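Dumped protein.cif below, it's mmCIF, N, CA, C and O atoms and all ligand atoms:
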```cif
data_upload
#
loop_
_atom_site.label_atom_id
_atom_site.label_comp_id
_atom_site.auth_asym_id
_atom_site.auth_seq_id
_atom_site.Cartn_x
_atom_site.Cartn_y
_atom_site.Cartn_z
N MET A 1 -114.18 -19.96 28.05
CA MET A 1 -112.72 -20.17 28.08
C MET A 1 -112.43 -21.51 28.76
O MET A 1 -113.01 -21.82 29.79
N GLU A 2 -111.54 -22.28 28.14
CA GLU A 2 -111.21 -23.61 28.68
C GLU A 2 -110.02 -23.52 29.64
O GLU A 2 -109.26 -22.55 29.63
N CYS A 3 -109.86 -24.58 30.44
CA CYS A 3 -108.81 -24.59 31.47
C CYS A 3 -107.39 -24.28 30.93
O CYS A 3 -106.71 -23.43 31.50
N PRO A 4 -106.94 -24.96 29.85
CA PRO A 4 -105.57 -24.67 29.38
C PRO A 4 -105.37 -23.20 29.02
O PRO A 4 -104.32 -22.62 29.29
N GLU A 5 -106.39 -22.60 28.43
CA GLU A 5 -106.32 -21.20 28.04
C GLU A 5 -106.24 -20.30 29.28
O GLU A 5 -105.48 -19.33 29.34
N VAL A 6 -107.04 -20.65 30.30
CA VAL A 6 -107.02 -19.88 31.55
C VAL A 6 -105.65 -19.98 32.20
O VAL A 6 -105.08 -18.98 32.64
N ARG A 7 -105.10 -21.21 32.24
CA ARG A 7 -103.78 -21.40 32.87
C ARG A 7 -102.70 -20.59 32.15
O ARG A 7 -101.79 -20.07 32.77
N ARG A 8 -102.82 -20.52 30.81
CA ARG A 8 -101.82 -19.78 30.01
C ARG A 8 -101.83 -18.30 30.35
O ARG A 8 -100.79 -17.65 30.30
N CYS A 9 -103.00 -17.77 30.69
CA CYS A 9 -103.03 -16.31 30.90
C CYS A 9 -103.17 -15.93 32.38
O CYS A 9 -103.48 -14.79 32.70
N LEU A 10 -102.89 -16.89 33.28
CA LEU A 10 -103.00 -16.58 34.71
C LEU A 10 -102.07 -15.45 35.15
O LEU A 10 -102.46 -14.57 35.90
N TRP A 11 -100.82 -15.50 34.65
CA TRP A 11 -99.85 -14.46 35.06
C TRP A 11 -100.26 -13.09 34.53
O TRP A 11 -100.14 -12.09 35.22
N GLU A 12 -100.75 -13.08 33.30
CA GLU A 12 -101.23 -11.80 32.74
C GLU A 12 -102.43 -11.30 33.56
O GLU A 12 -102.57 -10.11 33.80
N TYR A 13 -103.27 -12.23 33.97
CA TYR A 13 -104.42 -11.86 34.80
C TYR A 13 -103.94 -11.28 36.12
O TYR A 13 -104.41 -10.23 36.56
N LEU A 14 -102.99 -11.96 36.75
CA LEU A 14 -102.46 -11.49 38.04
C LEU A 14 -101.76 -10.14 37.90
O LEU A 14 -101.81 -9.31 38.80
N ASP A 15 -101.11 -9.94 36.77
CA ASP A 15 -100.41 -8.66 36.53
C ASP A 15 -101.36 -7.59 36.00
O ASP A 15 -100.91 -6.50 35.66
N GLN A 16 -102.63 -7.93 35.89
CA GLN A 16 -103.67 -7.02 35.38
C GLN A 16 -103.33 -6.51 33.99
O GLN A 16 -103.48 -5.32 33.69
N GLU A 17 -102.83 -7.41 33.16
CA GLU A 17 -102.47 -7.05 31.79
C GLU A 17 -103.52 -7.47 30.78
O GLU A 17 -103.36 -7.20 29.59
N LEU A 18 -104.57 -8.16 31.25
CA LEU A 18 -105.62 -8.58 30.32
C LEU A 18 -106.62 -7.45 30.13
O LEU A 18 -106.76 -6.57 30.98
N GLY A 19 -107.32 -7.50 29.00
CA GLY A 19 -108.40 -6.56 28.78
C GLY A 19 -109.53 -6.84 29.76
O GLY A 19 -109.59 -7.93 30.35
N ALA A 20 -110.40 -5.86 29.96
CA ALA A 20 -111.46 -5.98 30.96
C ALA A 20 -112.35 -7.20 30.70
O ALA A 20 -112.68 -7.95 31.63
N GLU A 21 -112.68 -7.42 29.44
CA GLU A 21 -113.59 -8.52 29.09
C GLU A 21 -112.91 -9.87 29.37
O GLU A 21 -113.51 -10.77 29.96
N GLU A 22 -111.64 -9.97 28.94
CA GLU A 22 -110.90 -11.22 29.12
C GLU A 22 -110.69 -11.50 30.62
O GLU A 22 -110.82 -12.63 31.09
N ALA A 23 -110.36 -10.45 31.37
CA ALA A 23 -110.16 -10.59 32.81
C ALA A 23 -111.43 -11.07 33.50
O ALA A 23 -111.39 -11.92 34.38
N ALA A 24 -112.58 -10.55 33.05
CA ALA A 24 -113.86 -10.97 33.63
C ALA A 24 -114.13 -12.44 33.32
O ALA A 24 -114.64 -13.18 34.18
N THR A 25 -113.77 -12.87 32.10
CA THR A 25 -113.96 -14.26 31.71
C THR A 25 -113.09 -15.18 32.57
O THR A 25 -113.54 -16.21 33.06
N VAL A 26 -111.83 -14.78 32.77
CA VAL A 26 -110.92 -15.58 33.60
C VAL A 26 -111.44 -15.63 35.03
O VAL A 26 -111.47 -16.70 35.66
N GLN A 27 -111.88 -14.49 35.54
CA GLN A 27 -112.37 -14.42 36.91
C GLN A 27 -113.58 -15.35 37.10
O GLN A 27 -113.65 -16.09 38.09
N ALA A 28 -114.49 -15.32 36.14
CA ALA A 28 -115.68 -16.17 36.22
C ALA A 28 -115.28 -17.64 36.19
O ALA A 28 -115.82 -18.47 36.93
N HIS A 29 -114.29 -17.97 35.36
CA HIS A 29 -113.81 -19.35 35.27
C HIS A 29 -113.19 -19.78 36.61
O HIS A 29 -113.45 -20.88 37.09
N LEU A 30 -112.42 -18.90 37.21
CA LEU A 30 -111.73 -19.23 38.47
C LEU A 30 -112.73 -19.47 39.60
O LEU A 30 -112.48 -20.28 40.50
N ILE A 31 -113.86 -18.77 39.56
CA ILE A 31 -114.88 -18.95 40.59
C ILE A 31 -115.51 -20.34 40.46
O ILE A 31 -115.75 -21.02 41.46
N ASP A 32 -115.71 -20.77 39.21
CA ASP A 32 -116.41 -22.03 38.96
C ASP A 32 -115.51 -23.26 38.93
O ASP A 32 -115.95 -24.36 39.22
N CYS A 33 -114.23 -23.08 38.56
CA CYS A 33 -113.39 -24.23 38.24
C CYS A 33 -112.50 -24.65 39.42
O CYS A 33 -111.66 -23.88 39.88
N GLY A 34 -112.73 -25.86 39.87
CA GLY A 34 -111.95 -26.39 40.98
C GLY A 34 -110.54 -26.81 40.58
O GLY A 34 -109.70 -27.08 41.43
N HIS A 35 -110.28 -26.88 39.26
CA HIS A 35 -108.94 -27.25 38.79
C HIS A 35 -108.03 -26.03 38.70
O HIS A 35 -106.86 -26.09 39.06
N CYS A 36 -108.56 -24.94 38.20
CA CYS A 36 -107.74 -23.75 37.97
C CYS A 36 -107.57 -22.90 39.22
O CYS A 36 -106.57 -22.21 39.36
N ARG A 37 -108.54 -22.93 40.12
CA ARG A 37 -108.48 -22.07 41.31
C ARG A 37 -107.24 -22.36 42.16
O ARG A 37 -106.56 -21.41 42.56
N PRO A 38 -106.88 -23.62 42.44
CA PRO A 38 -105.64 -23.85 43.21
C PRO A 38 -104.40 -23.32 42.49
O PRO A 38 -103.50 -22.78 43.14
N ALA A 39 -104.36 -23.46 41.17
CA ALA A 39 -103.21 -22.94 40.40
C ALA A 39 -103.15 -21.43 40.52
O ALA A 39 -102.07 -20.84 40.68
N TYR A 40 -104.31 -20.80 40.46
CA TYR A 40 -104.38 -19.34 40.60
C TYR A 40 -103.89 -18.91 41.98
O TYR A 40 -103.09 -17.98 42.10
N ARG A 41 -104.37 -19.61 43.02
CA ARG A 41 -103.95 -19.25 44.39
C ARG A 41 -102.45 -19.43 44.58
O ARG A 41 -101.80 -18.63 45.25
N CYS A 42 -101.92 -20.49 43.99
CA CYS A 42 -100.48 -20.76 44.09
C CYS A 42 -99.68 -19.66 43.39
O CYS A 42 -98.72 -19.12 43.96
N ASP A 43 -100.08 -19.30 42.17
CA ASP A 43 -99.39 -18.25 41.43
C ASP A 43 -99.50 -16.91 42.16
O ASP A 43 -98.55 -16.14 42.22
N ARG A 44 -100.69 -16.65 42.72
CA ARG A 44 -100.90 -15.38 43.43
C ARG A 44 -100.01 -15.31 44.67
O ARG A 44 -99.41 -14.28 44.96
N ALA A 45 -99.90 -16.45 45.38
CA ALA A 45 -99.05 -16.50 46.58
C ALA A 45 -97.58 -16.30 46.20
O ALA A 45 -96.84 -15.60 46.89
N LEU A 46 -97.17 -16.91 45.08
CA LEU A 46 -95.80 -16.77 44.62
C LEU A 46 -95.50 -15.31 44.26
O LEU A 46 -94.45 -14.77 44.63
N LEU A 47 -96.45 -14.69 43.58
CA LEU A 47 -96.29 -13.29 43.21
C LEU A 47 -96.16 -12.40 44.45
O LEU A 47 -95.32 -11.51 44.51
N ALA A 48 -96.99 -12.67 45.46
CA ALA A 48 -96.94 -11.90 46.71
C ALA A 48 -95.60 -12.10 47.40
O ALA A 48 -95.00 -11.15 47.92
N LEU A 49 -95.12 -13.34 47.38
CA LEU A 49 -93.83 -13.65 48.01
C LEU A 49 -92.70 -12.92 47.29
O LEU A 49 -91.82 -12.32 47.93
N LEU A 50 -92.74 -12.96 45.95
CA LEU A 50 -91.71 -12.25 45.18
C LEU A 50 -91.75 -10.76 45.47
O LEU A 50 -90.71 -10.11 45.59
N GLY A 51 -92.96 -10.23 45.60
CA GLY A 51 -93.12 -8.81 45.91
C GLY A 51 -92.51 -8.48 47.26
O GLY A 51 -91.83 -7.46 47.41
N ARG A 52 -92.74 -9.35 48.25
CA ARG A 52 -92.18 -9.11 49.59
C ARG A 52 -90.66 -9.20 49.57
O ARG A 52 -89.97 -8.41 50.21
N CYS A 53 -90.14 -10.18 48.82
CA CYS A 53 -88.68 -10.34 48.73
C CYS A 53 -88.06 -9.10 48.08
O CYS A 53 -87.05 -8.59 48.55
N ALA A 54 -88.69 -8.63 47.00
CA ALA A 54 -88.16 -7.47 46.29
C ALA A 54 -88.20 -6.24 47.19
O ALA A 54 -87.30 -5.41 47.16
N ALA A 55 -89.25 -6.14 48.02
CA ALA A 55 -89.38 -4.97 48.89
C ALA A 55 -88.37 -5.01 50.03
O ALA A 55 -87.83 -3.97 50.42
N SER A 56 -88.08 -6.22 50.53
CA SER A 56 -87.18 -6.30 51.68
C SER A 56 -85.71 -6.34 51.28
O SER A 56 -84.84 -6.09 52.08
N ARG A 57 -85.45 -6.70 50.02
CA ARG A 57 -84.06 -6.76 49.55
C ARG A 57 -83.91 -6.01 48.24
O ARG A 57 -83.82 -6.62 47.18
N PRO A 58 -83.92 -4.71 48.30
CA PRO A 58 -83.79 -3.96 47.05
C PRO A 58 -82.42 -4.19 46.40
O PRO A 58 -81.41 -4.22 47.10
N GLY A 59 -82.44 -4.38 45.11
CA GLY A 59 -81.19 -4.59 44.38
C GLY A 59 -80.72 -6.04 44.45
O GLY A 59 -81.10 -6.77 45.35
N ALA A 60 -79.92 -6.44 43.50
CA ALA A 60 -79.38 -7.78 43.47
C ALA A 60 -77.98 -7.75 44.06
O ALA A 60 -77.33 -6.72 44.10
N PRO A 61 -77.51 -8.89 44.56
CA PRO A 61 -76.16 -8.93 45.10
C PRO A 61 -75.13 -8.57 44.03
O PRO A 61 -75.32 -8.85 42.85
N GLN A 62 -74.02 -7.95 44.47
CA GLN A 62 -72.98 -7.52 43.53
C GLN A 62 -72.45 -8.69 42.70
O GLN A 62 -72.16 -8.53 41.52
N GLY A 63 -72.32 -9.85 43.31
CA GLY A 63 -71.82 -11.02 42.60
C GLY A 63 -72.70 -11.37 41.41
O GLY A 63 -72.21 -11.77 40.36
N LEU A 64 -74.01 -11.19 41.59
CA LEU A 64 -74.95 -11.49 40.50
C LEU A 64 -74.78 -10.50 39.36
O LEU A 64 -74.72 -10.88 38.19
N TYR A 65 -74.66 -9.21 39.69
CA TYR A 65 -74.43 -8.21 38.65
C TYR A 65 -73.19 -8.57 37.83
O TYR A 65 -73.20 -8.52 36.60
N ARG A 66 -72.12 -8.91 38.55
CA ARG A 66 -70.86 -9.23 37.87
C ARG A 66 -71.04 -10.44 36.95
O ARG A 66 -70.63 -10.43 35.80
N ALA A 67 -71.69 -11.49 37.47
CA ALA A 67 -71.87 -12.71 36.69
C ALA A 67 -72.70 -12.45 35.43
O ALA A 67 -72.38 -12.94 34.34
N VAL A 68 -73.74 -11.62 35.57
CA VAL A 68 -74.59 -11.31 34.40
C VAL A 68 -73.81 -10.49 33.39
O VAL A 68 -73.86 -10.74 32.18
N ARG A 69 -73.04 -9.48 33.87
CA ARG A 69 -72.25 -8.64 32.96
C ARG A 69 -71.24 -9.47 32.19
O ARG A 69 -71.06 -9.29 31.00
N ILE A 70 -70.61 -10.42 32.86
CA ILE A 70 -69.61 -11.28 32.20
C ILE A 70 -70.30 -12.10 31.12
O ILE A 70 -69.80 -12.23 29.99
N ARG A 71 -71.48 -12.65 31.42
CA ARG A 71 -72.18 -13.48 30.43
C ARG A 71 -72.68 -12.66 29.24
O ARG A 71 -72.76 -13.17 28.14
N LEU A 72 -73.05 -11.40 29.50
CA LEU A 72 -73.60 -10.57 28.43
C LEU A 72 -72.53 -9.93 27.56
O LEU A 72 -72.78 -9.56 26.43
N SER A 73 -71.33 -9.82 28.10
CA SER A 73 -70.28 -9.16 27.32
C SER A 73 -69.83 -10.06 26.17
O SER A 73 -69.75 -11.28 26.33
N PRO A 74 -69.56 -9.45 25.02
CA PRO A 74 -69.23 -10.23 23.82
C PRO A 74 -67.88 -10.95 23.92
O PRO A 74 -67.06 -10.61 24.69
ZN ZN B 101 -110.34 -24.47 34.75
#
```
Structure rendered as structure tokens:
Amino acid sequence: MECPEVRRCLWEYLDQELGAEEAATVQAHLIDCGHCRPAYRCDRALLALLGRCAASRPGAPQGLYRAVRIRLSP
């Protein structure tokens, strides 16, 4: 697997949405590749941060709900 392909499926890898074989290929690439590993660590950190934010602030602000509803209404 080449770098661009690995970068494209990093989020799927982090979300554990890849098949076992593909995940193993990505994992092996990340161990060897000095270019993709920092991108992986950055995405993983972002995902962890988003997870913490979601856990500490359940639900979106009322203003956001209203703004989305207004935009979605015909
Ligand atoms: Zn790479």
- Message: Let me see if you get this right: every residue at most 8 Å from ligand ZN 101 (chain B), counting only N, CA, C and O atoms and all ligand atoms, written as a PyMOL selection string.
- Response: chain A and resi 1-7+26+29-30+32-37
- Item | Atom pair atom N of Leu49 of chain A / atom CA of Arg69 of chain A: separation (Å) | 27.4 Å
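Between atom CA of Asp43 of chain A and atom O of Asp15 of chain A the separation is 13.2 Å.
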- Atomic distance atom CA of Tyr40 of chain A - atom C of Leu10 of chain A, expressed in Å with one decimal: 7.1 Å
Might I get the box with edges along x, y and z of the file that holds all atoms of segment 49-61 of chain A listed there, padded by 4 Å on every side, given as centre and edge lengths in Å to one decimal, as JSON?
```
{"center_x": -85.1, "center_y": -8.8, "center_z": 47.5, "size_x": 28.0, "size_y": 17.7, "size_z": 17.2}
```
I need the residues in chain A that are helix (DSSP H, G or I) according to DSSP; give them as a compact mmCIF listing (two decimals) with N, CA, C and O atoms, keeping the file's coordinate frame.
```txt
# COMPACT_ATOMS: atom_id res chain seq x y z
N CYS A 3 -109.86 -24.58 30.44
CA CYS A 3 -108.81 -24.59 31.47
C CYS A 3 -107.39 -24.28 30.93
O CYS A 3 -106.71 -23.43 31.50
N PRO A 4 -106.94 -24.96 29.85
CA PRO A 4 -105.57 -24.67 29.38
C PRO A 4 -105.37 -23.20 29.02
O PRO A 4 -104.32 -22.62 29.29
N GLU A 5 -106.39 -22.60 28.43
CA GLU A 5 -106.32 -21.20 28.04
C GLU A 5 -106.24 -20.30 29.28
O GLU A 5 -105.48 -19.33 29.34
N VAL A 6 -107.04 -20.65 30.30
CA VAL A 6 -107.02 -19.88 31.55
C VAL A 6 -105.65 -19.98 32.20
O VAL A 6 -105.08 -18.98 32.64
N ARG A 7 -105.10 -21.21 32.24
CA ARG A 7 -103.78 -21.40 32.87
C ARG A 7 -102.70 -20.59 32.15
O ARG A 7 -101.79 -20.07 32.77
N ARG A 8 -102.82 -20.52 30.81
CA ARG A 8 -101.82 -19.78 30.01
C ARG A 8 -101.83 -18.30 30.35
O ARG A 8 -100.79 -17.65 30.30
N LEU A 10 -102.89 -16.89 33.28
CA LEU A 10 -103.00 -16.58 34.71
C LEU A 10 -102.07 -15.45 35.15
O LEU A 10 -102.46 -14.57 35.90
N TRP A 11 -100.82 -15.50 34.65
CA TRP A 11 -99.85 -14.46 35.06
C TRP A 11 -100.26 -13.09 34.53
O TRP A 11 -100.14 -12.09 35.22
N GLU A 12 -100.75 -13.08 33.30
CA GLU A 12 -101.23 -11.80 32.74
C GLU A 12 -102.43 -11.30 33.56
O GLU A 12 -102.57 -10.11 33.80
N TYR A 13 -103.27 -12.23 33.97
CA TYR A 13 -104.42 -11.86 34.80
C TYR A 13 -103.94 -11.28 36.12
O TYR A 13 -104.41 -10.23 36.56
N LEU A 14 -102.99 -11.96 36.75
CA LEU A 14 -102.46 -11.49 38.04
C LEU A 14 -101.76 -10.14 37.90
O LEU A 14 -101.81 -9.31 38.80
N ALA A 20 -110.40 -5.86 29.96
CA ALA A 20 -111.46 -5.98 30.96
C ALA A 20 -112.35 -7.20 30.70
O ALA A 20 -112.68 -7.95 31.63
N GLU A 21 -112.68 -7.42 29.44
CA GLU A 21 -113.59 -8.52 29.09
C GLU A 21 -112.91 -9.87 29.37
O GLU A 21 -113.51 -10.77 29.96
N GLU A 22 -111.64 -9.97 28.94
CA GLU A 22 -110.90 -11.22 29.12
C GLU A 22 -110.69 -11.50 30.62
O GLU A 22 -110.82 -12.63 31.09
N ALA A 23 -110.36 -10.45 31.37
CA ALA A 23 -110.16 -10.59 32.81
C ALA A 23 -111.43 -11.07 33.50
O ALA A 23 -111.39 -11.92 34.38
N ALA A 24 -112.58 -10.55 33.05
CA ALA A 24 -113.86 -10.97 33.63
C ALA A 24 -114.13 -12.44 33.32
O ALA A 24 -114.64 -13.18 34.18
N THR A 25 -113.77 -12.87 32.10
CA THR A 25 -113.96 -14.26 31.71
C THR A 25 -113.09 -15.18 32.57
O THR A 25 -113.54 -16.21 33.06
N VAL A 26 -111.83 -14.78 32.77
CA VAL A 26 -110.92 -15.58 33.60
C VAL A 26 -111.44 -15.63 35.03
O VAL A 26 -111.47 -16.70 35.66
N GLN A 27 -111.88 -14.49 35.54
CA GLN A 27 -112.37 -14.42 36.91
C GLN A 27 -113.58 -15.35 37.10
O GLN A 27 -113.65 -16.09 38.09
N ALA A 28 -114.49 -15.32 36.14
CA ALA A 28 -115.68 -16.17 36.22
C ALA A 28 -115.28 -17.64 36.19
O ALA A 28 -115.82 -18.47 36.93
N HIS A 29 -114.29 -17.97 35.36
CA HIS A 29 -113.81 -19.35 35.27
C HIS A 29 -113.19 -19.78 36.61
O HIS A 29 -113.45 -20.88 37.09
N LEU A 30 -112.42 -18.90 37.21
CA LEU A 30 -111.73 -19.23 38.47
C LEU A 30 -112.73 -19.47 39.60
O LEU A 30 -112.48 -20.28 40.50
N ILE A 31 -113.86 -18.77 39.56
CA ILE A 31 -114.88 -18.95 40.59
C ILE A 31 -115.51 -20.34 40.46
O ILE A 31 -115.75 -21.02 41.46
N ASP A 32 -115.71 -20.77 39.21
CA ASP A 32 -116.41 -22.03 38.96
C ASP A 32 -115.51 -23.26 38.93
O ASP A 32 -115.95 -24.36 39.22
N CYS A 36 -108.56 -24.94 38.20
CA CYS A 36 -107.74 -23.75 37.97
C CYS A 36 -107.57 -22.90 39.22
O CYS A 36 -106.57 -22.21 39.36
N ARG A 37 -108.54 -22.93 40.12
CA ARG A 37 -108.48 -22.07 41.31
C ARG A 37 -107.24 -22.36 42.16
O ARG A 37 -106.56 -21.41 42.56
N PRO A 38 -106.88 -23.62 42.44
CA PRO A 38 -105.64 -23.85 43.21
C PRO A 38 -104.40 -23.32 42.49
O PRO A 38 -103.50 -22.78 43.14
N ALA A 39 -104.36 -23.46 41.17
CA ALA A 39 -103.21 -22.94 40.40
C ALA A 39 -103.15 -21.43 40.52
O ALA A 39 -102.07 -20.84 40.68
N TYR A 40 -104.31 -20.80 40.46
CA TYR A 40 -104.38 -19.34 40.60
C TYR A 40 -103.89 -18.91 41.98
O TYR A 40 -103.09 -17.98 42.10
N ARG A 41 -104.37 -19.61 43.02
CA ARG A 41 -103.95 -19.25 44.39
C ARG A 41 -102.45 -19.43 44.58
O ARG A 41 -101.80 -18.63 45.25
N CYS A 42 -101.92 -20.49 43.99
CA CYS A 42 -100.48 -20.76 44.09
C CYS A 42 -99.68 -19.66 43.39
O CYS A 42 -98.72 -19.12 43.96
N ASP A 43 -100.08 -19.30 42.17
CA ASP A 43 -99.39 -18.25 41.43
C ASP A 43 -99.50 -16.91 42.16
O ASP A 43 -98.55 -16.14 42.22
N ARG A 44 -100.69 -16.65 42.72
CA ARG A 44 -100.90 -15.38 43.43
C ARG A 44 -100.01 -15.31 44.67
O ARG A 44 -99.41 -14.28 44.96
N ALA A 45 -99.90 -16.45 45.38
CA ALA A 45 -99.05 -16.50 46.58
C ALA A 45 -97.58 -16.30 46.20
O ALA A 45 -96.84 -15.60 46.89
N LEU A 46 -97.17 -16.91 45.08
CA LEU A 46 -95.80 -16.77 44.62
C LEU A 46 -95.50 -15.31 44.26
O LEU A 46 -94.45 -14.77 44.63
N LEU A 47 -96.45 -14.69 43.58
CA LEU A 47 -96.29 -13.29 43.21
C LEU A 47 -96.16 -12.40 44.45
O LEU A 47 -95.32 -11.51 44.51
N ALA A 48 -96.99 -12.67 45.46
CA ALA A 48 -96.94 -11.90 46.71
C ALA A 48 -95.60 -12.10 47.40
O ALA A 48 -95.00 -11.15 47.92
N LEU A 49 -95.12 -13.34 47.38
CA LEU A 49 -93.83 -13.65 48.01
C LEU A 49 -92.70 -12.92 47.29
O LEU A 49 -91.82 -12.32 47.93
N LEU A 50 -92.74 -12.96 45.95
CA LEU A 50 -91.71 -12.25 45.18
C LEU A 50 -91.75 -10.76 45.47
O LEU A 50 -90.71 -10.11 45.59
N GLY A 51 -92.96 -10.23 45.60
CA GLY A 51 -93.12 -8.81 45.91
C GLY A 51 -92.51 -8.48 47.26
O GLY A 51 -91.83 -7.46 47.41
N ARG A 52 -92.74 -9.35 48.25
CA ARG A 52 -92.18 -9.11 49.59
C ARG A 52 -90.66 -9.20 49.57
O ARG A 52 -89.97 -8.41 50.21
N CYS A 53 -90.14 -10.18 48.82
CA CYS A 53 -88.68 -10.34 48.73
C CYS A 53 -88.06 -9.10 48.08
O CYS A 53 -87.05 -8.59 48.55
N ALA A 54 -88.69 -8.63 47.00
CA ALA A 54 -88.16 -7.47 46.29
C ALA A 54 -88.20 -6.24 47.19
O ALA A 54 -87.30 -5.41 47.16
N ALA A 55 -89.25 -6.14 48.02
CA ALA A 55 -89.38 -4.97 48.89
C ALA A 55 -88.37 -5.01 50.03
O ALA A 55 -87.83 -3.97 50.42
N SER A 56 -88.08 -6.22 50.53
CA SER A 56 -87.18 -6.30 51.68
C SER A 56 -85.71 -6.34 51.28
O SER A 56 -84.84 -6.09 52.08
N GLN A 62 -74.02 -7.95 44.47
CA GLN A 62 -72.98 -7.52 43.53
C GLN A 62 -72.45 -8.69 42.70
O GLN A 62 -72.16 -8.53 41.52
N GLY A 63 -72.32 -9.85 43.31
CA GLY A 63 -71.82 -11.02 42.60
C GLY A 63 -72.70 -11.37 41.41
O GLY A 63 -72.21 -11.77 40.36
N LEU A 64 -74.01 -11.19 41.59
CA LEU A 64 -74.95 -11.49 40.50
C LEU A 64 -74.78 -10.50 39.36
O LEU A 64 -74.72 -10.88 38.19
N TYR A 65 -74.66 -9.21 39.69
CA TYR A 65 -74.43 -8.21 38.65
C TYR A 65 -73.19 -8.57 37.83
O TYR A 65 -73.20 -8.52 36.60
N ARG A 66 -72.12 -8.91 38.55
CA ARG A 66 -70.86 -9.23 37.87
C ARG A 66 -71.04 -10.44 36.95
O ARG A 66 -70.63 -10.43 35.80
N ALA A 67 -71.69 -11.49 37.47
CA ALA A 67 -71.87 -12.71 36.69
C ALA A 67 -72.70 -12.45 35.43
O ALA A 67 -72.38 -12.94 34.34
N VAL A 68 -73.74 -11.62 35.57
CA VAL A 68 -74.59 -11.31 34.40
C VAL A 68 -73.81 -10.49 33.39
O VAL A 68 -73.86 -10.74 32.18
N ARG A 69 -73.04 -9.48 33.87
CA ARG A 69 -72.25 -8.64 32.96
C ARG A 69 -71.24 -9.47 32.19
O ARG A 69 -71.06 -9.29 31.00
N ILE A 70 -70.61 -10.42 32.86
CA ILE A 70 -69.61 -11.28 32.20
C ILE A 70 -70.30 -12.10 31.12
O ILE A 70 -69.80 -12.23 29.99
N ARG A 71 -71.48 -12.65 31.42
CA ARG A 71 -72.18 -13.48 30.43
C ARG A 71 -72.68 -12.66 29.24
O ARG A 71 -72.76 -13.17 28.14
N LEU A 72 -73.05 -11.40 29.50
CA LEU A 72 -73.60 -10.57 28.43
C LEU A 72 -72.53 -9.93 27.56
O LEU A 72 -72.78 -9.56 26.43
```
